[in-house]
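Note: the block below is target-v8.cif and it holds mmCIF, C-alpha atoms.
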data_entry
loop_
_atom_site.group_PDB
_atom_site.id
_atom_site.type_symbol
_atom_site.label_atom_id
_atom_site.label_comp_id
_atom_site.auth_asym_id
_atom_site.auth_seq_id
_atom_site.Cartn_x
_atom_site.Cartn_y
_atom_site.Cartn_z
ATOM 1 C CA LEU Y 1 -9.746 63.706 -18.432
ATOM 2 C CA ARG Y 2 -12.085 64.542 -15.631
ATOM 3 C CA PHE Y 3 -13.986 61.235 -16.094
ATOM 4 C CA MET Y 4 -10.843 59.090 -15.988
ATOM 5 C CA PRO Y 5 -10.983 58.346 -12.188
ATOM 6 C CA ASP Y 6 -14.609 57.216 -12.588
ATOM 7 C CA VAL Y 7 -13.618 54.826 -15.400
ATOM 8 C CA VAL Y 8 -10.721 53.419 -13.369
ATOM 9 C CA LEU Y 9 -12.976 53.033 -10.328
ATOM 10 C CA GLY Y 10 -15.625 51.316 -12.463
ATOM 11 C CA LEU Y 11 -13.062 48.890 -13.938
ATOM 12 C CA ALA Y 12 -11.626 48.138 -10.513
ATOM 13 C CA LEU Y 13 -15.124 47.485 -9.150
ATOM 14 C CA SER Y 14 -15.944 45.212 -12.127
ATOM 15 C CA PHE Y 15 -12.745 43.209 -11.708
ATOM 16 C CA GLY Y 16 -13.386 42.958 -7.961
ATOM 17 C CA ILE Y 17 -16.873 41.520 -8.544
ATOM 18 C CA ILE Y 18 -15.487 39.020 -11.052
ATOM 19 C CA ALA Y 19 -12.775 37.968 -8.596
ATOM 20 C CA LEU Y 20 -15.336 37.461 -5.818
ATOM 21 C CA ALA Y 21 -17.414 35.266 -8.152
ATOM 22 C CA ARG Y 22 -14.370 32.949 -8.465
ATOM 23 C CA PRO Y 23 -14.845 31.959 -12.091
ATOM 24 C CA GLN Y 24 -13.500 28.504 -12.859
ATOM 25 C CA HIS Y 25 -12.502 26.725 -16.012
ATOM 26 C CA THR Y 26 -14.755 23.631 -15.993
ATOM 27 C CA ASP Y 27 -13.336 21.629 -18.876
ATOM 28 C CA GLU Y 28 -9.800 21.615 -17.539
ATOM 29 C CA ARG Y 29 -8.028 18.270 -17.764
ATOM 30 C CA VAL Y 30 -4.981 17.189 -15.860
ATOM 31 C CA GLU Y 31 -2.585 14.693 -17.387
ATOM 32 C CA GLN Y 32 -0.770 12.610 -14.816
ATOM 33 C CA SER Y 33 2.194 10.513 -15.648
ATOM 34 C CA GLY Y 34 4.222 8.294 -13.432
ATOM 35 C CA ARG Y 35 7.690 7.050 -14.226
ATOM 36 C CA GLY Y 36 7.580 4.213 -11.755
ATOM 37 C CA ILE Y 37 5.761 0.933 -11.755
ATOM 38 C CA ASP Y 38 2.078 0.073 -11.973
ATOM 39 C CA ILE Y 39 0.716 -1.752 -8.935
ATOM 40 C CA VAL Y 40 -2.712 -3.203 -8.193
ATOM 41 C CA LEU Y 41 -3.581 -3.830 -4.556
ATOM 42 C CA ALA Y 42 -6.219 -6.585 -4.264
ATOM 43 C CA LEU Y 43 -7.789 -6.742 -0.787
ATOM 44 C CA ASP Y 44 -10.033 -9.466 0.575
ATOM 45 C CA VAL Y 45 -13.233 -8.078 2.166
ATOM 46 C CA SER Y 46 -14.895 -11.462 2.819
ATOM 47 C CA GLY Y 47 -16.643 -12.297 6.096
ATOM 48 C CA SER Y 48 -13.627 -14.099 7.535
ATOM 49 C CA MET Y 49 -11.700 -10.814 7.471
ATOM 50 C CA GLU Y 50 -13.702 -9.871 10.605
ATOM 51 C CA ILE Y 51 -11.818 -12.435 12.678
ATOM 52 C CA GLU Y 52 -9.968 -10.706 15.498
ATOM 53 C CA ASP Y 53 -6.773 -12.763 15.674
ATOM 54 C CA LEU Y 54 -5.100 -9.586 14.369
ATOM 55 C CA ARG Y 55 -6.054 -6.331 16.052
ATOM 56 C CA PRO Y 56 -8.611 -4.990 15.666
ATOM 57 C CA ASN Y 57 -9.391 -7.527 12.907
ATOM 58 C CA ARG Y 58 -7.863 -8.942 9.743
ATOM 59 C CA LEU Y 59 -9.408 -6.379 7.397
ATOM 60 C CA GLU Y 60 -8.201 -3.421 9.445
ATOM 61 C CA ALA Y 61 -4.733 -4.990 9.588
ATOM 62 C CA ALA Y 62 -4.777 -5.390 5.786
ATOM 63 C CA LYS Y 63 -5.883 -1.770 5.343
ATOM 64 C CA HIS Y 64 -3.070 -0.651 7.659
ATOM 65 C CA ILE Y 65 -0.496 -2.631 5.646
ATOM 66 C CA ALA Y 66 -1.825 -1.204 2.373
ATOM 67 C CA THR Y 67 -1.862 2.361 3.722
ATOM 68 C CA ASP Y 68 1.729 2.050 4.969
ATOM 69 C CA PHE Y 69 2.741 0.656 1.587
ATOM 70 C CA LEU Y 70 1.027 3.596 -0.128
ATOM 71 C CA LYS Y 71 3.033 6.041 2.011
ATOM 72 C CA SER Y 72 6.253 4.547 0.659
ATOM 73 C CA ARG Y 73 5.325 5.055 -3.012
ATOM 74 C CA ALA Y 74 6.311 8.053 -5.100
ATOM 75 C CA GLY Y 75 5.746 8.265 -8.836
ATOM 76 C CA ASP Y 76 4.132 4.828 -9.085
ATOM 77 C CA ARG Y 77 0.587 4.355 -10.305
ATOM 78 C CA LEU Y 78 -1.613 2.255 -8.046
ATOM 79 C CA ALA Y 79 -5.065 0.734 -8.425
ATOM 80 C CA LEU Y 80 -7.379 -0.933 -5.915
ATOM 81 C CA VAL Y 81 -9.417 -4.131 -6.279
ATOM 82 C CA ALA Y 82 -11.751 -5.392 -3.533
ATOM 83 C CA PHE Y 83 -12.942 -8.978 -3.517
ATOM 84 C CA ALA Y 84 -15.004 -11.481 -1.630
ATOM 85 C CA GLY Y 85 -17.147 -13.942 -3.646
ATOM 86 C CA ALA Y 86 -16.728 -11.539 -6.585
ATOM 87 C CA ALA Y 87 -14.110 -8.908 -7.396
ATOM 88 C CA TYR Y 88 -14.486 -5.262 -8.337
ATOM 89 C CA SER Y 89 -12.035 -2.581 -9.416
ATOM 90 C CA LEU Y 90 -12.550 0.350 -7.040
ATOM 91 C CA ALA Y 91 -9.853 2.710 -8.296
ATOM 92 C CA PRO Y 92 -8.059 2.804 -11.650
ATOM 93 C CA LEU Y 93 -4.298 3.147 -11.945
ATOM 94 C CA THR Y 94 -3.568 6.584 -10.548
ATOM 95 C CA THR Y 95 -0.982 8.691 -8.777
ATOM 96 C CA ASP Y 96 -3.763 10.323 -6.730
ATOM 97 C CA TYR Y 97 -2.733 8.744 -3.431
ATOM 98 C CA ASP Y 98 -5.335 10.743 -1.484
ATOM 99 C CA LEU Y 99 -8.087 9.070 -3.533
ATOM 100 C CA LEU Y 100 -6.544 5.662 -2.859
ATOM 101 C CA ARG Y 101 -6.324 6.360 0.883
ATOM 102 C CA GLU Y 102 -10.027 7.295 0.890
ATOM 103 C CA ASP Y 103 -10.936 4.147 -1.038
ATOM 104 C CA LEU Y 104 -8.865 2.010 1.339
ATOM 105 C CA ALA Y 105 -10.530 3.591 4.354
ATOM 106 C CA SER Y 106 -13.980 2.849 2.907
ATOM 107 C CA LEU Y 107 -13.360 -0.904 2.572
ATOM 108 C CA ARG Y 108 -15.594 -2.973 4.828
ATOM 109 C CA VAL Y 109 -16.741 -6.541 5.219
ATOM 110 C CA GLY Y 110 -20.064 -7.031 3.454
ATOM 111 C CA MET Y 111 -19.517 -4.361 0.809
ATOM 112 C CA ILE Y 112 -19.666 -7.172 -1.755
ATOM 113 C CA ALA Y 113 -22.930 -9.068 -1.377
ATOM 114 C CA LEU Y 114 -21.556 -12.421 -2.508
ATOM 115 C CA ASP Y 115 -19.387 -13.769 0.308
ATOM 116 C CA GLY Y 116 -16.490 -16.154 -0.183
ATOM 117 C CA THR Y 117 -12.900 -15.773 -1.318
ATOM 118 C CA ALA Y 118 -12.566 -15.464 -5.102
ATOM 119 C CA ILE Y 119 -8.791 -15.200 -5.377
ATOM 120 C CA GLY Y 120 -8.725 -16.247 -9.045
ATOM 121 C CA THR Y 121 -11.352 -13.657 -9.951
ATOM 122 C CA ALA Y 122 -9.452 -10.950 -8.048
ATOM 123 C CA LEU Y 123 -6.262 -11.833 -9.931
ATOM 124 C CA GLY Y 124 -8.215 -11.739 -13.185
ATOM 125 C CA VAL Y 125 -9.547 -8.239 -12.474
ATOM 126 C CA ALA Y 126 -6.048 -7.067 -11.466
ATOM 127 C CA THR Y 127 -4.540 -8.573 -14.628
ATOM 128 C CA ASN Y 128 -7.174 -6.868 -16.733
ATOM 129 C CA ARG Y 129 -6.258 -3.551 -15.076
ATOM 130 C CA LEU Y 130 -2.542 -4.066 -15.805
ATOM 131 C CA ARG Y 131 -2.500 -5.878 -19.162
ATOM 132 C CA GLU Y 132 -2.293 -2.746 -21.330
ATOM 133 C CA SER Y 133 0.071 -0.881 -19.031
ATOM 134 C CA THR Y 134 3.287 0.393 -20.600
ATOM 135 C CA ALA Y 135 5.078 0.726 -17.248
ATOM 136 C CA LYS Y 136 8.520 -0.801 -16.920
ATOM 137 C CA SER Y 137 7.166 -3.143 -14.247
ATOM 138 C CA ARG Y 138 3.667 -4.390 -13.409
ATOM 139 C CA VAL Y 139 2.781 -5.878 -10.042
ATOM 140 C CA CYS Y 140 -0.258 -7.250 -8.237
ATOM 141 C CA ILE Y 141 -0.183 -7.501 -4.451
ATOM 142 C CA LEU Y 142 -2.966 -9.690 -3.060
ATOM 143 C CA LEU Y 143 -3.887 -9.475 0.632
ATOM 144 C CA SER Y 144 -6.123 -12.302 1.851
ATOM 145 C CA ASP Y 145 -6.711 -14.643 4.758
ATOM 146 C CA GLY Y 146 -8.050 -17.632 2.959
ATOM 147 C CA GLU Y 147 -8.128 -20.190 0.243
ATOM 148 C CA ASN Y 148 -10.014 -19.739 -2.985
ATOM 149 C CA ASN Y 149 -13.580 -20.982 -2.443
ATOM 150 C CA ALA Y 150 -15.608 -18.819 -4.820
ATOM 151 C CA GLY Y 151 -15.507 -17.218 -8.244
ATOM 152 C CA SER Y 152 -15.359 -18.681 -11.709
ATOM 153 C CA LEU Y 153 -11.631 -18.288 -12.422
ATOM 154 C CA ASP Y 154 -9.156 -20.820 -11.056
ATOM 155 C CA PRO Y 155 -6.307 -19.052 -9.178
ATOM 156 C CA LEU Y 156 -3.620 -21.096 -10.947
ATOM 157 C CA LEU Y 157 -5.039 -20.201 -14.360
ATOM 158 C CA ALA Y 158 -5.292 -16.541 -13.271
ATOM 159 C CA ALA Y 159 -1.639 -16.619 -12.159
ATOM 160 C CA GLN Y 160 -0.604 -18.123 -15.503
ATOM 161 C CA LEU Y 161 -2.544 -15.390 -17.307
ATOM 162 C CA ALA Y 162 -0.787 -12.726 -15.228
ATOM 163 C CA HIS Y 163 2.564 -14.338 -16.026
ATOM 164 C CA ALA Y 164 1.729 -14.202 -19.747
ATOM 165 C CA PHE Y 165 1.370 -10.415 -19.396
ATOM 166 C CA ASN Y 166 4.640 -10.149 -17.397
ATOM 167 C CA ILE Y 167 2.774 -9.230 -14.229
ATOM 168 C CA ARG Y 168 4.493 -10.208 -11.000
ATOM 169 C CA LEU Y 169 2.266 -11.512 -8.221
ATOM 170 C CA TYR Y 170 2.918 -11.116 -4.515
ATOM 171 C CA THR Y 171 0.664 -12.435 -1.770
ATOM 172 C CA ILE Y 172 0.328 -11.370 1.828
ATOM 173 C CA GLY Y 173 -1.413 -13.885 4.053
ATOM 174 C CA LEU Y 174 -3.331 -12.528 7.023
ATOM 175 C CA GLY Y 175 -4.266 -14.408 10.178
ATOM 176 C CA LYS Y 176 -2.832 -16.994 12.505
ATOM 177 C CA ASP Y 177 -2.494 -20.696 11.817
ATOM 178 C CA GLY Y 178 -4.601 -23.145 13.750
ATOM 179 C CA PHE Y 179 -7.771 -22.523 15.733
ATOM 180 C CA VAL Y 180 -8.912 -18.917 15.907
ATOM 181 C CA PRO Y 181 -12.080 -17.686 17.600
ATOM 182 C CA TYR Y 182 -14.811 -16.469 15.264
ATOM 183 C CA GLY Y 183 -17.939 -14.759 16.462
ATOM 184 C CA GLN Y 184 -19.413 -14.633 19.956
ATOM 185 C CA ASP Y 185 -21.851 -16.769 21.903
ATOM 186 C CA SER Y 186 -25.054 -15.434 23.492
ATOM 187 C CA LEU Y 187 -23.053 -14.156 26.503
ATOM 188 C CA GLY Y 188 -20.601 -12.200 24.340
ATOM 189 C CA ARG Y 189 -17.783 -14.708 24.801
ATOM 190 C CA VAL Y 190 -15.487 -15.545 21.929
#

So, in terms of structure tokens, how does the structure I just supplied come out?
Amino acid sequence: LRFMPDVVLGLALSFGIIALARPQHTDERVEQSGRGIDIVLALDVSGSMEIEDLRPNRLEAAKHIATDFLKSRAGDRLALVAFAGAAYSLAPLTTDYDLLREDLASLRVGMIALDGTAIGTALGVATNRLRESTAKSRVCILLSDGENNAGSLDPLLAAQLAHAFNIRLYTIGLGKDGFVPYGQDSLGRV
């Protein structure tokens, strides 16, 4: 009985050391499920998105629109596709809105080496992301400033393919009609 306080002190010290080591369970998996709709945001990152007819430029305006849209979602799964002359899926369908905000913030002109506006290819990548979805509704929102001038998939064919998978397409056009200044001369004038 006399050794009992030493045993208790030893156990308390052992547990304290273990707690300070902060052991973690490394093979833990988290299942996320959303009961809403599945949405792919496809954003144009081509060179023309640098035009400053929207402030500070078209790409930043598109990112602002997408971020505001993300704030209004709850329970929906979203994915992100970036495109210029080619299209890439940057984020899978997820309810991790913090990850999506980070991915949106990282978008920049020139991140895709092949310049141009491959709208059909972007729709194809978005459709591929959504085609096996079991959500009650599937949507692609495309934000771009231009006409299709690159890529190997015709936008009309891509839209028909999306329709075949019951994917609704929405487009948001960015920029002003008519003449807009692009670039600067040697004196810094637009």

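Our summary of the geometry notes that atom CA of Leu100 of chain Y is positioned 8.7 Å from atom CA of Thr67 of chain Y.
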
Query raised in the report: Smallest atom-to-atom distance to Gly85 of chain Y: which of Y:Met111, Y:Leu130, Y:Val40, Y:Leu143, using only C-alpha atoms?
Result: Y:Met111

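What separates atom CA of Gly47 of chain Y from atom CA of Glu102 of chain Y is a distance of 21.3 Å.
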
Requested in this report: Name the residues that the PyMOL selection byres ((chain Y and resi 115-119) around 10) pulls out of this structure, and write them as a ChimeraX atom specification.
Outcome: /Y:42-48,83-87,109-114,120-125,142-156,158-159

Selection from above, C-alpha atoms, as a PDB file, keeping the file's coordinate frame, can you write it?
ATOM      1  CA  ALA Y  42      -6.219  -6.585  -4.264  1.00  0.00           C
ATOM      2  CA  LEU Y  43      -7.789  -6.742  -0.787  1.00  0.00           C
ATOM      3  CA  ASP Y  44     -10.033  -9.466   0.575  1.00  0.00           C
ATOM      4  CA  VAL Y  45     -13.233  -8.078   2.166  1.00  0.00           C
ATOM      5  CA  SER Y  46     -14.895 -11.462   2.819  1.00  0.00           C
ATOM      6  CA  GLY Y  47     -16.643 -12.297   6.096  1.00  0.00           C
ATOM      7  CA  SER Y  48     -13.627 -14.099   7.535  1.00  0.00           C
ATOM      8  CA  PHE Y  83     -12.942  -8.978  -3.517  1.00  0.00           C
ATOM      9  CA  ALA Y  84     -15.004 -11.481  -1.630  1.00  0.00           C
ATOM     10  CA  GLY Y  85     -17.147 -13.942  -3.646  1.00  0.00           C
ATOM     11  CA  ALA Y  86     -16.728 -11.539  -6.585  1.00  0.00           C
ATOM     12  CA  ALA Y  87     -14.110  -8.908  -7.396  1.00  0.00           C
ATOM     13  CA  VAL Y 109     -16.741  -6.541   5.219  1.00  0.00           C
ATOM     14  CA  GLY Y 110     -20.064  -7.031   3.454  1.00  0.00           C
ATOM     15  CA  MET Y 111     -19.517  -4.361   0.809  1.00  0.00           C
ATOM     16  CA  ILE Y 112     -19.666  -7.172  -1.755  1.00  0.00           C
ATOM     17  CA  ALA Y 113     -22.930  -9.068  -1.377  1.00  0.00           C
ATOM     18  CA  LEU Y 114     -21.556 -12.421  -2.508  1.00  0.00           C
ATOM     19  CA  GLY Y 120      -8.725 -16.247  -9.045  1.00  0.00           C
ATOM     20  CA  THR Y 121     -11.352 -13.657  -9.951  1.00  0.00           C
ATOM     21  CA  ALA Y 122      -9.452 -10.950  -8.048  1.00  0.00           C
ATOM     22  CA  LEU Y 123      -6.262 -11.833  -9.931  1.00  0.00           C
ATOM     23  CA  GLY Y 124      -8.215 -11.739 -13.185  1.00  0.00           C
ATOM     24  CA  VAL Y 125      -9.547  -8.239 -12.474  1.00  0.00           C
ATOM     25  CA  LEU Y 142      -2.966  -9.690  -3.060  1.00  0.00           C
ATOM     26  CA  LEU Y 143      -3.887  -9.475   0.632  1.00  0.00           C
ATOM     27  CA  SER Y 144      -6.123 -12.302   1.851  1.00  0.00           C
ATOM     28  CA  ASP Y 145      -6.711 -14.643   4.758  1.00  0.00           C
ATOM     29  CA  GLY Y 146      -8.050 -17.632   2.959  1.00  0.00           C
ATOM     30  CA  GLU Y 147      -8.128 -20.190   0.243  1.00  0.00           C
ATOM     31  CA  ASN Y 148     -10.014 -19.739  -2.985  1.00  0.00           C
ATOM     32  CA  ASN Y 149     -13.580 -20.982  -2.443  1.00  0.00           C
ATOM     33  CA  ALA Y 150     -15.608 -18.819  -4.820  1.00  0.00           C
ATOM     34  CA  GLY Y 151     -15.507 -17.218  -8.244  1.00  0.00           C
ATOM     35  CA  SER Y 152     -15.359 -18.681 -11.709  1.00  0.00           C
ATOM     36  CA  LEU Y 153     -11.631 -18.288 -12.422  1.00  0.00           C
ATOM     37  CA  ASP Y 154      -9.156 -20.820 -11.056  1.00  0.00           C
ATOM     38  CA  PRO Y 155      -6.307 -19.052  -9.178  1.00  0.00           C
ATOM     39  CA  LEU Y 156      -3.620 -21.096 -10.947  1.00  0.00           C
ATOM     40  CA  ALA Y 158      -5.292 -16.541 -13.271  1.00  0.00           C
ATOM     41  CA  ALA Y 159      -1.639 -16.619 -12.159  1.00  0.00           C
TER      42      ALA Y 159
END

Find the residues near Glu60 of chain Y: any atom within 9 Å, counting all atoms listed in the file, skip ones fewer than 2 places away on the same chain, and give them as a PDB file with C-alpha atoms, in the coordinates of the input.
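Result went into part-v3.pdb, see below:
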ATOM      1  CA  MET Y  49     -11.700 -10.814   7.471  1.00  0.00           C
ATOM      2  CA  GLU Y  50     -13.702  -9.871  10.605  1.00  0.00           C
ATOM      3  CA  LEU Y  54      -5.100  -9.586  14.369  1.00  0.00           C
ATOM      4  CA  ARG Y  55      -6.054  -6.331  16.052  1.00  0.00           C
ATOM      5  CA  PRO Y  56      -8.611  -4.990  15.666  1.00  0.00           C
ATOM      6  CA  ASN Y  57      -9.391  -7.527  12.907  1.00  0.00           C
ATOM      7  CA  ARG Y  58      -7.863  -8.942   9.743  1.00  0.00           C
ATOM      8  CA  ALA Y  62      -4.777  -5.390   5.786  1.00  0.00           C
ATOM      9  CA  LYS Y  63      -5.883  -1.770   5.343  1.00  0.00           C
ATOM     10  CA  HIS Y  64      -3.070  -0.651   7.659  1.00  0.00           C
ATOM     11  CA  ILE Y  65      -0.496  -2.631   5.646  1.00  0.00           C
ATOM     12  CA  ALA Y 105     -10.530   3.591   4.354  1.00  0.00           C
ATOM     13  CA  LEU Y 107     -13.360  -0.904   2.572  1.00  0.00           C
ATOM     14  CA  ARG Y 108     -15.594  -2.973   4.828  1.00  0.00           C
TER      15      ARG Y 108
END

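Every protein or nucleic acid residue with an atom no more than 9 Å from Ala79 of chain Y, counting all atoms listed in the file and leaving out same-chain residues fewer than 3 positions away, appears here: Y:Asp38, Y:Ile39, Y:Val40, Y:Leu41, Y:Ala42, Y:Ser89, Y:Leu90, Y:Ala91, Y:Pro92, Y:Leu93, Y:Thr94, Y:Thr95, Y:Leu100, Y:Ala126, Y:Arg129.
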
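Pairwise distance (atom CA of Arg73 of chain Y, atom CA of Gly175 of chain Y) equals 25.4 Å.
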
Once you add 4 Å to each side, what are the centre and edge lengths of the axis-aligned box holding all listed atoms of segment 117-134 of chain Y? One decimal in Å, as AutoDock Vina command-line options, if you can.
--center_x -4.8 --center_y -7.9 --center_z -11.3 --size_x 24.2 --size_y 24.6 --size_z 28.0

Query - Expected selection from the PyMOL selection byres ((chain Y and resi 138) around 12), given as a PyMOL selection string - result: chain Y and resi 36-41+76-79+93+126-137+139-141+162-170

Can you rebuild segment 55-66 of chain Y with N, CA, C and O atoms and give it as a CSV table (one decimal), keeping the file's coordinate frame?
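The resulting part-v3.csv:
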chain,number,residue,atom,x,y,z
Y,55,ARG,N,-5.3,-7.4,15.4
Y,55,ARG,CA,-6.1,-6.3,16.1
Y,55,ARG,C,-6.2,-5.1,15.1
Y,55,ARG,O,-5.2,-4.8,14.5
Y,56,PRO,N,-7.4,-4.5,15.0
Y,56,PRO,CA,-8.6,-5.0,15.7
Y,56,PRO,C,-9.2,-6.2,14.9
Y,56,PRO,O,-10.0,-7.0,15.5
Y,57,ASN,N,-9.0,-6.3,13.6
Y,57,ASN,CA,-9.4,-7.5,12.9
Y,57,ASN,C,-8.5,-7.6,11.7
Y,57,ASN,O,-7.7,-6.8,11.4
Y,58,ARG,N,-8.7,-8.7,10.9
Y,58,ARG,CA,-7.9,-8.9,9.7
Y,58,ARG,C,-8.0,-7.9,8.7
Y,58,ARG,O,-7.0,-7.4,8.1
Y,59,LEU,N,-9.2,-7.4,8.4
Y,59,LEU,CA,-9.4,-6.4,7.4
Y,59,LEU,C,-8.7,-5.1,7.8
Y,59,LEU,O,-8.0,-4.5,7.0
Y,60,GLU,N,-8.9,-4.7,9.0
Y,60,GLU,CA,-8.2,-3.4,9.4
Y,60,GLU,C,-6.7,-3.6,9.4
Y,60,GLU,O,-6.0,-2.6,9.0
Y,61,ALA,N,-6.2,-4.8,9.7
Y,61,ALA,CA,-4.7,-5.0,9.6
Y,61,ALA,C,-4.3,-4.9,8.1
Y,61,ALA,O,-3.3,-4.3,7.8
Y,62,ALA,N,-5.1,-5.5,7.2
Y,62,ALA,CA,-4.8,-5.4,5.8
Y,62,ALA,C,-4.8,-3.9,5.3
Y,62,ALA,O,-3.9,-3.5,4.5
Y,63,LYS,N,-5.8,-3.2,5.7
Y,63,LYS,CA,-5.9,-1.8,5.3
Y,63,LYS,C,-4.7,-1.0,5.9
Y,63,LYS,O,-4.2,-0.1,5.2
Y,64,HIS,N,-4.2,-1.3,7.1
Y,64,HIS,CA,-3.1,-0.7,7.7
Y,64,HIS,C,-1.8,-1.0,6.8
Y,64,HIS,O,-1.0,-0.1,6.5
Y,65,ILE,N,-1.6,-2.2,6.5
Y,65,ILE,CA,-0.5,-2.6,5.6
Y,65,ILE,C,-0.5,-1.9,4.3
Y,65,ILE,O,0.5,-1.4,3.9
Y,66,ALA,N,-1.7,-1.9,3.7
Y,66,ALA,CA,-1.8,-1.2,2.4
Y,66,ALA,C,-1.6,0.3,2.5
Y,66,ALA,O,-0.9,0.9,1.6
